[in-house]
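Student: Sharing a structure below in structure tokens format, with a few things to ask.
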Amino acid sequence: MSKNIQDYCSGLNHMGVPTLDYNKSVAFYESLGFKKAHTKVNPNGQQVAFIQCGNLIVETYDKEGAAMEAGAINHIAVDVHNIDE
């Protein structure tokens with residue numbers, strides 16, 4: 001039985017991009033026209049920002065030991081039709 005991702009997925013939700021310098025990363029995305037959609041501080045003190053430009057959302061967050069390589073994306077989250085499936 002083959003599965004087609006379009007049967008389960010309705011689109012991209014966000015991409016997670018770790019950073020060693022949270023403030024510098026947020027400023028970089030804002031310089032490109034992104035706006036902060038949501039920010040928080042996790043119980044462990046990790047700063048997190050969801051930054052949006054149109055329907056593209058980037059989640060950037062403090063991460064000790066972040067890869068710091070071009071294209072270093074930690075995760076990609078997708079919207080789904082039915083989470084229980």
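Order determines the names: the first chain of the structure tokens is A, the second B, and so forth; residues in each chain are numbered 1 upward, and ligands are numbered 1 upward as they are shown.
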Which of chain A end up as helix (DSSP H, G or I) when DSSP is run on this backbone - answer as a ChimeraX atom specification?
Tutor: /A:5-7,22-31
Student: Take the selection from the previous step and output its residues with N, CA, C and O atoms, as a compact mmCIF listing (two decimals), in the first residue's frame.
Tutor:
# COMPACT_ATOMS: atom_id res chain seq x y z
N ILE A 5 1.56 11.77 0.53
CA ILE A 5 1.61 12.76 1.60
C ILE A 5 0.45 13.75 1.51
O ILE A 5 -0.01 14.26 2.52
N GLN A 6 -0.05 14.00 0.32
CA GLN A 6 -1.17 14.93 0.17
C GLN A 6 -2.45 14.41 0.81
O GLN A 6 -3.34 15.18 1.11
N ASP A 7 -2.52 13.10 1.04
CA ASP A 7 -3.68 12.53 1.73
C ASP A 7 -3.67 12.90 3.21
O ASP A 7 -4.71 12.84 3.87
N TYR A 22 20.44 34.33 19.53
CA TYR A 22 19.00 34.54 19.34
C TYR A 22 18.70 35.95 18.83
O TYR A 22 18.01 36.12 17.82
N ASN A 23 19.22 36.97 19.49
CA ASN A 23 18.91 38.35 19.12
C ASN A 23 19.41 38.70 17.72
O ASN A 23 18.72 39.37 16.95
N LYS A 24 20.59 38.22 17.37
CA LYS A 24 21.15 38.48 16.04
C LYS A 24 20.31 37.78 14.97
O LYS A 24 20.05 38.35 13.91
N SER A 25 19.85 36.57 15.26
CA SER A 25 19.03 35.84 14.29
C SER A 25 17.68 36.51 14.09
O SER A 25 17.21 36.67 12.96
N VAL A 26 17.03 36.93 15.18
CA VAL A 26 15.75 37.62 15.07
C VAL A 26 15.93 38.91 14.26
O VAL A 26 15.14 39.19 13.35
N ALA A 27 16.97 39.66 14.54
CA ALA A 27 17.24 40.90 13.80
C ALA A 27 17.46 40.62 12.32
O ALA A 27 17.01 41.38 11.46
N PHE A 28 18.16 39.52 12.00
CA PHE A 28 18.39 39.16 10.60
C PHE A 28 17.07 38.92 9.88
O PHE A 28 16.84 39.48 8.80
N TYR A 29 16.20 38.11 10.46
CA TYR A 29 14.92 37.83 9.81
C TYR A 29 14.06 39.09 9.70
O TYR A 29 13.40 39.32 8.68
N GLU A 30 14.09 39.93 10.73
CA GLU A 30 13.33 41.18 10.67
C GLU A 30 13.86 42.09 9.57
O GLU A 30 13.10 42.79 8.91
N SER A 31 15.18 42.06 9.32
CA SER A 31 15.76 42.88 8.25
C SER A 31 15.29 42.42 6.88
O SER A 31 15.34 43.18 5.91
Student: Fewer than 2 positions away in the same chain doesn't count, so skip those; otherwise give me all residues within 6 Å of stretch 54-58 of chain A, counting only C-alpha atoms, as a ChimeraX atom specification.
Tutor: /A:14-15,50-52
Student: Please save N, CA and C atoms of the selected residues as an mmCIF file, in the first residue's frame.
Tutor:
data_model
loop_
_atom_site.group_PDB
_atom_site.id
_atom_site.type_symbol
_atom_site.label_atom_id
_atom_site.label_comp_id
_atom_site.auth_asym_id
_atom_site.auth_seq_id
_atom_site.Cartn_x
_atom_site.Cartn_y
_atom_site.Cartn_z
ATOM 1 N N HIS A 14 5.921 25.236 9.817
ATOM 2 C CA HIS A 14 7.090 26.061 10.091
ATOM 3 C C HIS A 14 8.363 25.235 9.971
ATOM 4 N N MET A 15 9.503 25.949 9.936
ATOM 5 C CA MET A 15 10.825 25.316 9.944
ATOM 6 C C MET A 15 11.547 25.770 11.198
ATOM 7 N N PHE A 50 8.786 32.704 16.863
ATOM 8 C CA PHE A 50 8.163 32.317 15.601
ATOM 9 C C PHE A 50 8.050 33.601 14.788
ATOM 10 N N ILE A 51 8.753 33.641 13.665
ATOM 11 C CA ILE A 51 8.860 34.847 12.857
ATOM 12 C C ILE A 51 8.210 34.552 11.506
ATOM 13 N N GLN A 52 7.345 35.458 11.054
ATOM 14 C CA GLN A 52 6.516 35.168 9.882
ATOM 15 C C GLN A 52 6.673 36.216 8.790
#
Student: Give the strand (DSSP E or B) residues of chain A, as DSSP finds them on the backbone, and put them as a VMD selection string.
Tutor: chain A and resid 9 to 19 35 to 41 47 to 53 56 to 62 75 to 80
Student: Closest to A:Phe34 among A:Gly16, A:Glu59, A:Gly11, A:Asp21, using only C-alpha atoms?
Tutor: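 That would be A:Glu59, the residue with the smallest distance to A:Phe34.
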Student: Which distance in Å separates atom CA of A:Lys36 and atom CA of A:Tyr61, to one decimal?
Tutor: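 Answer for the atom CA of A:Lys36 to atom CA of A:Tyr61 separation: 12.7 Å.
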Student: Do you have the atom CA of A:Thr19-atom CA of A:Thr60 distance handy?
Tutor: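 One can read the atom CA of A:Thr19 to atom CA of A:Thr60 distance as 6.6 Å.
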Student: Work out how far apart atom CA of A:Leu20 and atom CA of A:Lys63 are and give it in Å to one decimal.
Tutor: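 It comes out at 5.9 Å.
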